[in-house]
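Source file: protein.txt. Holds: compact mmCIF, C-alpha atoms.
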```txt
# COMPACT_ATOMS: atom_id res chain seq x y z
CA MET A 527 12.72 -78.72 -33.37
CA THR A 528 13.67 -78.07 -29.78
CA ALA A 529 17.05 -76.67 -28.82
CA ARG A 530 17.91 -79.86 -26.95
CA LEU A 531 17.14 -82.13 -29.89
CA ARG A 532 19.10 -79.87 -32.20
CA MET A 533 22.09 -79.94 -29.88
CA ALA A 534 21.93 -83.74 -29.62
CA LEU A 535 21.87 -84.01 -33.40
CA PHE A 536 24.73 -81.54 -33.65
CA LEU A 537 26.93 -83.34 -31.12
CA SER A 538 26.38 -86.76 -32.69
CA SER A 539 27.10 -85.51 -36.20
CA MET A 540 30.11 -83.53 -35.00
CA ALA A 541 31.58 -86.70 -33.50
CA VAL A 542 31.46 -88.23 -36.99
CA VAL A 543 32.83 -85.06 -38.63
CA ALA A 544 35.66 -84.77 -36.10
CA ALA A 545 36.54 -88.45 -36.52
CA PHE A 546 36.67 -88.24 -40.31
CA THR A 547 38.56 -84.94 -40.50
CA GLY A 548 40.96 -86.17 -37.83
CA TRP A 549 41.54 -89.36 -39.80
CA GLY A 550 42.03 -87.29 -42.97
CA ALA A 551 44.45 -84.90 -41.28
CA ALA A 552 46.50 -87.83 -40.03
CA GLN A 553 47.10 -88.87 -43.65
CA LEU A 554 48.52 -85.42 -44.48
CA PRO A 555 52.26 -84.87 -44.43
CA GLY A 556 53.17 -83.40 -41.05
CA PHE A 557 53.11 -79.65 -40.59
CA GLY A 558 56.19 -77.99 -42.04
CA ARG A 559 56.93 -80.85 -44.45
CA TYR A 560 55.34 -79.57 -47.62
CA PRO A 561 55.85 -82.35 -50.17
CA GLY A 562 55.47 -80.34 -53.39
CA PRO A 563 55.65 -80.43 -56.29
CA TYR A 564 53.60 -77.49 -57.64
CA GLY A 565 54.75 -74.84 -55.20
CA ASP A 566 58.38 -75.91 -55.64
CA VAL A 567 58.13 -75.72 -59.43
CA ILE A 568 56.67 -72.22 -59.27
CA ASP A 569 59.22 -71.11 -56.67
CA ARG A 570 61.98 -72.34 -59.00
CA VAL A 571 60.81 -71.03 -62.37
CA GLY A 572 58.22 -68.34 -61.60
CA VAL A 573 60.55 -65.39 -61.29
CA GLN A 574 62.40 -66.08 -64.55
CA GLN A 575 59.24 -67.00 -66.45
CA ARG A 576 57.09 -64.05 -65.44
CA ARG A 577 59.63 -61.55 -64.06
CA ALA A 578 57.36 -61.07 -61.06
CA THR A 579 59.00 -61.30 -57.64
CA ASP A 580 55.73 -61.83 -55.73
CA LEU A 581 54.88 -65.37 -56.75
CA VAL A 582 51.53 -65.33 -54.94
CA SER A 583 50.43 -62.60 -57.35
CA ALA A 584 51.94 -64.54 -60.24
CA VAL A 585 49.92 -67.63 -59.31
CA ASN A 586 46.81 -65.61 -58.66
CA VAL A 587 46.56 -63.54 -61.83
CA ASP A 588 48.72 -65.50 -64.26
CA TYR A 589 49.13 -69.24 -63.64
CA ARG A 590 45.66 -69.47 -62.05
CA ALA A 591 44.20 -66.41 -63.77
CA ILE A 592 41.05 -68.12 -64.96
CA ASP A 593 40.18 -69.10 -61.38
CA THR A 594 40.72 -65.51 -60.32
CA LEU A 595 38.39 -64.42 -63.11
CA GLY A 596 35.76 -66.63 -61.49
CA GLU A 597 36.61 -65.19 -58.10
CA GLU A 598 36.17 -61.69 -59.45
CA PHE A 599 32.75 -62.61 -60.78
CA ILE A 600 31.79 -64.04 -57.38
CA LEU A 601 32.49 -60.57 -56.01
CA PHE A 602 30.59 -58.99 -58.89
CA THR A 603 27.60 -61.27 -58.31
CA ALA A 604 27.64 -60.70 -54.56
CA ALA A 605 27.63 -56.92 -55.01
CA THR A 606 24.70 -57.29 -57.39
CA GLY A 607 22.99 -59.59 -54.90
CA VAL A 608 23.37 -57.11 -52.05
CA ILE A 609 21.93 -54.34 -54.24
CA VAL A 610 18.98 -56.47 -55.29
CA LEU A 611 18.27 -57.67 -51.75
CA LEU A 612 18.37 -54.19 -50.28
CA ARG A 613 16.58 -52.47 -53.16
CA ALA A 614 13.55 -54.71 -52.95
CA MET A 615 13.04 -53.36 -49.46
CA ARG A 616 13.72 -49.79 -50.42
CA ASP A 617 10.75 -49.49 -52.72
CA GLU A 618 8.39 -50.49 -49.95
CA ARG A 619 9.73 -47.98 -47.55
CA ARG A 620 11.06 -45.06 -49.43
CA ARG A 621 8.08 -43.20 -50.82
CA PRO A 622 6.50 -42.11 -47.55
CA ASP A 623 9.95 -41.48 -46.16
CA GLU A 624 10.93 -39.07 -48.90
CA GLU A 625 7.70 -37.14 -48.66
CA ALA A 626 7.83 -36.86 -44.91
CA ASP A 627 11.47 -35.98 -44.64
CA PRO A 628 13.34 -34.92 -47.79
CA GLY A 629 17.12 -34.48 -47.36
CA ARG A 630 17.00 -35.47 -43.74
CA GLU A 631 19.98 -34.02 -41.92
CA ARG A 632 22.16 -36.08 -39.69
CA PRO A 633 24.13 -34.82 -36.73
CA GLY A 634 27.30 -33.02 -37.86
CA THR A 635 30.83 -34.09 -37.06
CA THR A 636 33.37 -32.08 -35.09
CA ASP A 637 36.19 -29.94 -36.53
CA LEU A 638 38.73 -32.36 -35.13
CA ILE A 639 37.28 -35.29 -37.11
CA ARG A 640 37.06 -33.17 -40.26
CA ALA A 641 40.69 -32.04 -39.85
CA ALA A 642 41.88 -35.61 -39.33
CA GLY A 643 39.68 -37.03 -42.09
CA LEU A 644 41.34 -35.51 -45.14
CA PRO A 645 44.94 -36.52 -44.38
CA LEU A 646 43.74 -39.95 -43.31
CA ALA A 647 41.74 -40.44 -46.51
CA THR A 648 44.69 -39.24 -48.62
CA GLY A 649 47.08 -41.55 -46.82
CA ILE A 650 44.78 -44.55 -47.13
CA GLY A 651 44.20 -43.83 -50.83
CA LEU A 652 47.95 -43.56 -51.49
CA LEU A 653 48.62 -46.75 -49.56
CA GLY A 654 45.95 -48.52 -51.61
CA VAL A 655 47.47 -47.34 -54.90
CA TYR A 656 50.90 -48.46 -53.67
CA VAL A 657 49.59 -51.90 -52.69
CA LEU A 658 47.76 -52.45 -55.98
CA SER A 659 50.55 -51.16 -58.20
CA HIS A 660 53.36 -53.13 -56.50
CA GLY A 661 51.46 -56.43 -56.44
CA GLN A 662 53.95 -58.04 -58.82
CA LEU A 663 56.95 -57.04 -56.66
CA THR A 664 55.99 -57.25 -52.99
CA PRO A 665 52.97 -58.56 -51.06
CA GLY A 666 49.85 -56.94 -52.43
CA GLY A 667 47.83 -56.90 -55.61
CA GLY A 668 44.51 -55.90 -57.06
CA PHE A 669 42.23 -57.43 -54.44
CA GLN A 670 44.16 -56.11 -51.44
CA GLY A 671 44.81 -52.69 -52.99
CA GLY A 672 41.21 -52.35 -54.16
CA VAL A 673 39.87 -52.89 -50.66
CA VAL A 674 42.27 -50.33 -49.20
CA VAL A 675 41.38 -47.80 -51.91
CA ALA A 676 37.67 -48.34 -51.16
CA CYS A 677 38.30 -47.32 -47.54
CA SER A 678 39.40 -43.84 -48.57
CA PRO A 679 35.95 -42.51 -49.69
CA VAL A 680 34.44 -44.15 -46.62
CA VAL A 681 36.73 -42.07 -44.38
CA VAL A 682 35.77 -38.95 -46.34
CA PHE A 683 32.14 -39.87 -45.83
CA LEU A 684 32.59 -40.45 -42.09
CA ALA A 685 34.43 -37.15 -41.67
CA GLY A 686 31.88 -35.23 -43.74
CA GLU A 687 30.31 -32.11 -42.37
CA ARG A 688 26.85 -33.57 -42.64
CA ILE A 689 26.68 -37.31 -42.77
CA THR A 690 24.54 -38.02 -45.78
CA VAL A 691 24.85 -40.95 -48.06
CA ARG A 692 25.17 -38.64 -51.05
CA ARG A 693 28.81 -38.09 -50.14
CA LEU A 694 29.80 -41.48 -51.46
CA PRO A 695 30.37 -41.70 -55.20
CA PRO A 696 27.01 -42.07 -56.95
CA THR A 697 25.85 -45.61 -57.43
CA SER A 698 25.71 -45.36 -61.21
CA ALA A 699 29.37 -44.28 -61.40
CA LEU A 700 30.33 -47.19 -59.15
CA GLU A 701 28.39 -49.62 -61.30
CA VAL A 702 30.18 -48.33 -64.41
CA ALA A 703 33.56 -48.67 -62.66
CA GLU A 704 32.69 -52.19 -61.55
CA THR A 705 31.72 -53.16 -65.07
CA ILE A 706 34.93 -51.66 -66.48
CA GLY A 707 36.92 -53.61 -63.92
CA ALA A 708 35.18 -56.92 -64.63
CA GLY A 709 35.20 -56.36 -68.40
CA GLY A 710 38.85 -55.29 -68.35
CA PHE A 711 39.90 -58.66 -66.95
CA ILE A 712 38.12 -60.41 -69.82
CA ALA A 713 39.60 -57.92 -72.30
CA VAL A 714 43.11 -58.80 -71.11
CA GLY A 715 42.24 -62.46 -71.58
CA LEU A 716 40.84 -61.87 -75.07
CA ALA A 717 43.93 -59.88 -75.99
CA GLY A 718 45.83 -63.12 -75.48
CA LEU A 719 43.55 -64.86 -77.99
CA LEU A 720 43.91 -61.99 -80.48
CA ALA A 721 47.70 -62.24 -80.20
CA GLY A 722 47.44 -65.89 -81.22
CA ALA A 723 48.11 -67.23 -77.72
CA ALA A 724 45.79 -68.76 -75.12
CA PHE A 725 43.05 -66.96 -73.16
CA LEU A 726 44.68 -64.98 -70.33
CA GLN A 727 48.18 -65.94 -71.48
CA ASN A 728 50.78 -63.41 -70.43
CA ILE A 729 51.46 -61.70 -73.77
CA ALA A 730 52.39 -58.19 -72.60
CA PRO A 731 56.07 -57.15 -72.56
CA LEU A 732 57.59 -58.55 -69.37
CA GLY A 733 60.01 -55.71 -68.63
CA SER A 734 62.90 -56.19 -66.20
CA THR A 735 62.49 -58.05 -62.92
CA GLY A 736 61.96 -55.80 -59.92
CA SER A 737 60.69 -52.73 -61.76
CA LEU A 738 57.17 -51.35 -61.59
CA ASP A 739 56.39 -52.09 -65.26
CA SER A 740 57.58 -55.69 -65.08
CA SER A 741 55.59 -58.94 -65.27
CA GLY A 742 53.36 -58.08 -68.25
CA THR A 743 49.69 -58.85 -67.73
CA ILE A 744 50.15 -59.50 -63.99
CA ALA A 745 50.53 -55.77 -63.34
CA ILE A 746 47.75 -54.88 -65.79
CA ILE A 747 45.28 -57.37 -64.29
CA ASN A 748 46.11 -56.16 -60.78
CA VAL A 749 45.12 -52.62 -61.73
CA VAL A 750 41.94 -53.78 -63.50
CA VAL A 751 40.95 -56.03 -60.59
CA SER A 752 41.52 -53.24 -58.09
CA VAL A 753 39.02 -51.02 -59.96
CA GLU A 754 36.43 -53.79 -59.81
CA VAL A 755 37.12 -54.62 -56.16
CA ALA A 756 37.08 -51.00 -55.00
CA ALA A 757 33.84 -50.32 -56.86
CA ALA A 758 32.18 -53.51 -55.61
CA PHE A 759 33.10 -52.87 -51.97
CA LEU A 760 31.99 -49.23 -52.19
CA LEU A 761 28.70 -50.34 -53.72
CA ILE A 762 28.15 -52.84 -50.90
CA ILE A 763 29.13 -50.31 -48.21
CA SER A 764 26.98 -47.55 -49.71
CA GLU A 765 23.97 -49.88 -49.94
CA PHE A 766 24.30 -50.72 -46.25
CA LEU A 767 24.80 -47.06 -45.33
CA GLU A 768 21.75 -46.13 -47.33
CA GLN A 769 19.75 -48.69 -45.39
CA ALA A 770 20.94 -47.18 -42.13
CA LEU A 771 20.56 -43.51 -43.04
CA ILE A 772 17.79 -43.12 -45.58
CA VAL A 773 15.47 -46.07 -45.78
CA ARG A 774 14.55 -46.43 -42.13
CA PRO A 775 11.45 -44.40 -41.34
CA THR A 776 11.90 -41.60 -38.80
CA GLY A 777 9.03 -42.48 -36.50
CA GLY A 778 9.47 -45.91 -34.94
CA ARG A 779 10.18 -49.09 -36.75
CA GLY A 780 7.88 -50.12 -39.54
CA GLY A 781 6.80 -53.71 -39.07
CA GLY A 782 6.71 -56.13 -41.98
CA MET B 1103 56.37 -83.86 -37.02
CA SER B 1104 53.45 -81.91 -35.71
CA TYR B 1105 49.76 -81.95 -36.46
CA LEU B 1106 48.81 -79.03 -34.26
CA PRO B 1107 47.76 -76.64 -37.12
CA TYR B 1108 45.42 -79.30 -38.50
CA ALA B 1109 43.96 -79.81 -35.04
CA VAL B 1110 43.41 -76.04 -34.80
CA ALA B 1111 41.67 -76.09 -38.20
CA ILE B 1112 39.32 -78.89 -37.08
CA TRP B 1113 38.71 -77.09 -33.79
CA LEU B 1114 37.77 -73.87 -35.61
CA LEU B 1115 35.42 -75.83 -37.88
CA VAL B 1116 33.66 -77.57 -34.98
CA VAL B 1117 33.48 -74.56 -32.66
CA GLY B 1118 32.21 -72.35 -35.51
CA LEU B 1119 29.49 -74.86 -36.37
CA TYR B 1120 28.56 -75.04 -32.69
CA GLY B 1121 28.15 -71.27 -32.76
CA VAL B 1122 25.94 -71.45 -35.85
CA ILE B 1123 23.75 -74.13 -34.26
CA SER B 1124 23.36 -72.47 -30.88
CA SER B 1125 23.16 -68.87 -32.11
CA ARG B 1126 20.26 -66.68 -31.01
CA ASN B 1127 21.23 -63.73 -33.22
CA LEU B 1128 21.62 -63.69 -36.98
CA ILE B 1129 24.64 -61.33 -36.92
CA HIS B 1130 26.33 -63.63 -34.40
CA MET B 1131 25.51 -66.54 -36.70
CA VAL B 1132 27.21 -64.81 -39.65
CA VAL B 1133 30.32 -64.19 -37.53
CA CYS B 1134 30.32 -67.87 -36.52
CA LEU B 1135 30.24 -68.80 -40.19
CA GLY B 1136 33.34 -66.61 -40.55
CA VAL B 1137 35.00 -68.72 -37.82
CA VAL B 1138 34.08 -71.87 -39.76
CA GLN B 1139 35.63 -70.43 -42.87
CA SER B 1140 38.81 -69.40 -41.08
CA SER B 1141 39.46 -73.10 -40.50
CA THR B 1142 40.08 -73.37 -44.24
CA TYR B 1143 42.77 -70.65 -44.07
CA MET B 1144 44.45 -72.57 -41.29
CA LEU B 1145 44.33 -75.81 -43.26
CA LEU B 1146 45.51 -74.27 -46.55
CA LEU B 1147 48.42 -72.35 -45.03
CA GLY B 1148 49.31 -75.33 -42.82
CA VAL B 1149 49.48 -77.69 -45.80
CA GLY B 1150 51.80 -75.40 -47.76
CA TYR B 1151 54.20 -74.58 -44.94
CA ARG B 1152 57.77 -75.81 -44.79
CA PHE B 1153 60.11 -75.41 -41.84
CA GLY B 1154 62.84 -72.83 -42.37
CA ALA B 1155 61.32 -71.52 -45.62
CA GLY B 1156 60.44 -67.90 -46.28
CA ALA B 1157 57.57 -66.20 -48.08
CA PRO B 1158 57.42 -66.89 -51.85
CA ILE B 1159 58.53 -63.33 -52.55
CA TYR B 1160 61.91 -62.86 -54.19
CA TYR B 1161 62.11 -59.08 -54.27
CA ASP B 1162 65.09 -58.86 -51.92
CA VAL B 1163 66.25 -62.45 -51.46
CA PRO B 1164 68.30 -64.60 -53.85
CA LEU B 1165 66.35 -66.80 -56.25
CA ARG B 1166 67.27 -70.16 -54.71
CA THR B 1167 66.02 -69.28 -51.21
CA PRO B 1168 63.62 -71.99 -50.00
CA ALA B 1169 60.04 -70.72 -49.90
CA VAL B 1170 56.64 -72.05 -48.89
CA ASP B 1171 53.99 -73.02 -51.44
CA PRO B 1172 52.60 -69.93 -53.23
CA VAL B 1173 49.68 -71.92 -54.68
CA VAL B 1174 47.89 -72.44 -51.34
CA GLN B 1175 48.53 -68.81 -50.45
CA ALA B 1176 46.81 -67.71 -53.64
CA LEU B 1177 43.95 -70.11 -52.84
CA CYS B 1178 43.75 -68.53 -49.40
CA LEU B 1179 43.43 -65.10 -50.99
CA THR B 1180 40.52 -66.39 -53.08
CA ASP B 1181 39.04 -67.81 -49.89
CA VAL B 1182 39.24 -64.45 -48.11
CA VAL B 1183 37.52 -62.65 -50.98
CA VAL B 1184 34.76 -65.24 -51.11
CA GLU B 1185 34.23 -65.02 -47.35
CA ALA B 1186 33.92 -61.23 -47.53
CA THR B 1187 31.34 -61.42 -50.32
CA VAL B 1188 29.34 -64.20 -48.66
CA MET B 1189 29.25 -62.16 -45.47
CA ALA B 1190 28.02 -59.10 -47.36
CA VAL B 1191 25.13 -61.05 -48.87
CA LEU B 1192 24.27 -62.72 -45.54
CA LEU B 1193 24.32 -59.39 -43.70
CA ALA B 1194 22.00 -57.94 -46.35
CA LEU B 1195 19.67 -60.87 -45.63
CA CYS B 1196 19.94 -60.07 -41.90
CA VAL B 1197 18.92 -56.45 -42.58
CA GLN B 1198 15.95 -57.72 -44.54
CA ALA B 1199 15.00 -60.28 -41.87
CA HIS B 1200 15.13 -57.62 -39.19
CA LYS B 1201 12.80 -55.40 -41.17
CA ARG B 1202 10.44 -58.21 -41.93
CA PHE B 1203 10.22 -59.75 -38.48
CA GLY B 1204 11.48 -56.98 -36.20
CA SER B 1205 13.94 -59.39 -34.63
CA LEU B 1206 17.32 -60.97 -35.29
CA ASP B 1207 16.57 -64.06 -33.24
CA PRO B 1208 16.40 -67.03 -35.63
CA GLU B 1209 13.81 -68.64 -33.35
CA ARG B 1210 11.48 -65.77 -34.01
CA LEU B 1211 11.56 -65.85 -37.80
CA ARG B 1212 8.05 -67.26 -38.02
CA PRO B 1213 7.98 -68.81 -41.52
CA LEU B 1214 11.16 -70.71 -40.76
CA LYS B 1215 9.75 -72.29 -37.63
CA GLY B 1216 9.08 -75.97 -38.28
```
If you took the structure in this file and wrote it as C-alpha cells, what would it be?
Amino acid sequence: MTARLRMALFLSSMAVVAAFTGWGAAQLPGFGRYPGPYGDVIDRVGVQQRRATDLVSAVNVDYRAIDTLGEEFILFTAATGVIVLLRAMRDERRRPDEEADPGRERPGTTDLIRAAGLPLATGIGLLGVYVLSHGQLTPGGGFQGGVVVACSPVVVFLAGERITVRRLPPTSALEVAETIGAGGFIAVGLAGLLAGAAFLQNIAPLGSTGSLDSSGTIAIINVVVSVEVAAAFLLIISEFLEQALIVRPTGGRGGG
Amino acid sequence: MSYLPYAVAIWLLVVGLYGVISSRNLIHMVVCLGVVQSSTYMLLLGVGYRFGAGAPIYYDVPLRTPAVDPVVQALCLTDVVVEATVMAVLLALCVQAHKRFGSLDPERLRPLKG
C-alpha cells in the first residue's frame, strides 16, 4: 500500500470518526455539569462508610476492587510478556557474547554522581513509601507509590561505580515479590469470603478517619499492590537494561 | 456550557492516529499511540468535572464540600497503568524488530510489507 493511498484512506475514515465522536460529544452534558449520580453518592457516603478520606483510592481498591484486581493482572501479564519477548532473543545472542566478553565493564560514573545518587535514591524511596502508605488519606496509593519506589533502585543503578545490570535486584527475587504482590491482593479478597462476607469486601477494622491505620482493606491492598507494581516495573526496566548492556554483541550489530 | 475539553479529546485522538499512520519510526509510533490514549484521560476527567467543585479528597475539607466524580478519576488511574504496560510490551517488540530487521522504519519490516 502506498503512502498516498494510506493517507487517503486515513483522511476519509477520520472524517467519519470525527463526525461520530463529535455527534456523541454533543449529547454529553456540557463540561463542568457532571450529572451524577454515582460520584455524588460516593462523595456523600464514602468517607463515613470506609473511613478513607481519599475517595479515589476508596473507589479504586474497595468499591471497584475487582476491576483493580484485573488491572493488576494486566500489569502482571505485561511484565511477563516483556520478559518472554526479550528472553527469546537473549538465547540467540547470549552464548557467544558471554564467551567473548564475560563481565564486560562499562564506563564508570563520576564521584559527583555517586555522591548525589545515594541521597536521591533514599529520598525517592521514602517518598514512594509515603505515597503508598497514605493512599487512603491523601492523593496516592499502591500504583503511584509502587512506581516511585521502583525508581529508587534505578537511581542506585545509574549512580553505581560500574554500570552493570547486576546492580538491580536479581530477577528471581523480583519475580517472587511480584507474585507475593499479586497473590496478596487475592488473599485479601479471599479473607473476605472466609469471614463470611463477599470477595474483596472490606472486612478489616476501619480505624478512625484520618489516621494511617484507617480504612481497613484499602490500606492493606495499597501496600500489597505497591509491592506488585514496584516489582513489575523493576522487572520491565531491568529486562530493557539487560538488552542494552549485556545482550548486544560487542562487535557491530548482529543481523537477524 | 462548554464543549472544549471534548473537542480537545477528539483532537488528541485524531492527531495521534495521524501520527501512527504517517510514522516512519516504531518508537515514534508507540509515542503516538500514547497521544491517542491521552484523549481518553481528557474525556474521562472532562465528563466527571463540575464547576466550583474540589478534588474528592476530604482529608482537610469538611464532608459536605462539593467534589468532582471520583469514579472517573479511578478509571483514569486504571487507564494510566494500562497505557504504561502496553507501552512496555510495544517497546519490547520494537527492540525485537530492530534486532531482526536492523531498522525501526515500519516500511522496512519486510514480512509486513503487503
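Within 6 Å of chain A, counting only C-alpha atoms, chain B contributes Met1103, Ser1104, Tyr1105, Gly1150, Tyr1151, Arg1152, Phe1153, Pro1158, Ile1159, Tyr1160, Tyr1161, Asp1171, Pro1172, Val1173, Ala1176, Thr1187, Val1191, Ala1194 and Arg1202 of chain B.
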Work out how far atom CA of B:Val1183 is from atom CA of A:Gln727, in Å to one decimal.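 Here the two named atoms are 23.3 Å from each other.
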Can you tell me, as an mmCIF file with C-alpha atoms, in the coordinates of the input, what residues are no more than 12 Å from A:Gly709 when counting only C-alpha atoms, ignoring any on the same chain fewer than 6 positions away?
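Just written: out_16.cif:
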```cif
data_model
loop_
_atom_site.group_PDB
_atom_site.id
_atom_site.type_symbol
_atom_site.label_atom_id
_atom_site.label_comp_id
_atom_site.auth_asym_id
_atom_site.auth_seq_id
_atom_site.Cartn_x
_atom_site.Cartn_y
_atom_site.Cartn_z
ATOM 1 C CA LEU A 595 38.390 -64.420 -63.110
ATOM 2 C CA GLU A 598 36.170 -61.690 -59.450
ATOM 3 C CA PHE A 599 32.750 -62.610 -60.780
ATOM 4 C CA PHE A 602 30.590 -58.990 -58.890
ATOM 5 C CA GLU A 701 28.390 -49.620 -61.300
ATOM 6 C CA VAL A 702 30.180 -48.330 -64.410
ATOM 7 C CA ALA A 703 33.560 -48.670 -62.660
ATOM 8 C CA GLY A 715 42.240 -62.460 -71.580
ATOM 9 C CA LEU A 716 40.840 -61.870 -75.070
ATOM 10 C CA ILE A 747 45.280 -57.370 -64.290
ATOM 11 C CA VAL A 750 41.940 -53.780 -63.500
ATOM 12 C CA VAL A 751 40.950 -56.030 -60.590
ATOM 13 C CA VAL A 753 39.020 -51.020 -59.960
ATOM 14 C CA GLU A 754 36.430 -53.790 -59.810
#
```
Using all atoms listed in the file, which residues sit within 7 Å of stretch 1136-1148 of chain B once same-chain residues fewer than 6 positions away are excluded, as a PyMOL selection string? (chain A and resi 557) or (chain B and resi 1107-1108+1111-1112+1114-1115+1118-1119+1174-1175+1178)
Stretch 1122-1128 of chain B environment, 7 Å, all atoms listed in the file, sequence neighbours closer than 5 positions dropped, as a ChimeraX atom specification: /B:1134-1135,1196,1206-1208
Could you state the separation of atom CA of B:Leu1192 and atom CA of A:Ala591 in Å, given to one decimal place? 27.3 Å
Neighbouring residues of A:Ala756 were defined as those with any atom within 8 Å, considering all atoms listed in the file; residues of the same chain fewer than 6 positions away were excluded. Please report them as a ChimeraX atom specification. /A:672-676,704
If I take atom CA of A:Arg577 and atom CA of A:Ala721, how far is one from the other in Å, to one decimal?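 For atom CA of A:Arg577 relative to atom CA of A:Ala721, the distance reads 20.1 Å.
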Could you tell me which of B:Gln1198, B:Leu1211, B:Trp1113, B:Leu1193 comes closest to B:Val1133 if we count all atoms listed in the file?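 That would be B:Leu1193, the residue with the smallest distance to B:Val1133.
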Give me the box for stretch 1198-1203 of chain B as lines of an AutoDock Vina configuration file, namely the centre and edge lengths in Å to one decimal of a box along x, y and z that holds every listed atom plus 3 Å on each side.
```
center_x = 13.1
center_y = -57.8
center_z = -41.5
size_x = 11.7
size_y = 10.9
size_z = 12.1
```
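For the choices B:Ala1190, B:Ala1169, B:Val1149, B:Val1110, the atom-to-atom distance to A:Leu760 is smallest for B:Ala1190 when using all atoms listed in the file.
Considering the residues A:Ser539, A:Thr635, A:Thr648, A:Ser698 and counting all atoms listed in the file, A:Ala757 has its shortest atom-to-atom contact with A:Ser698.
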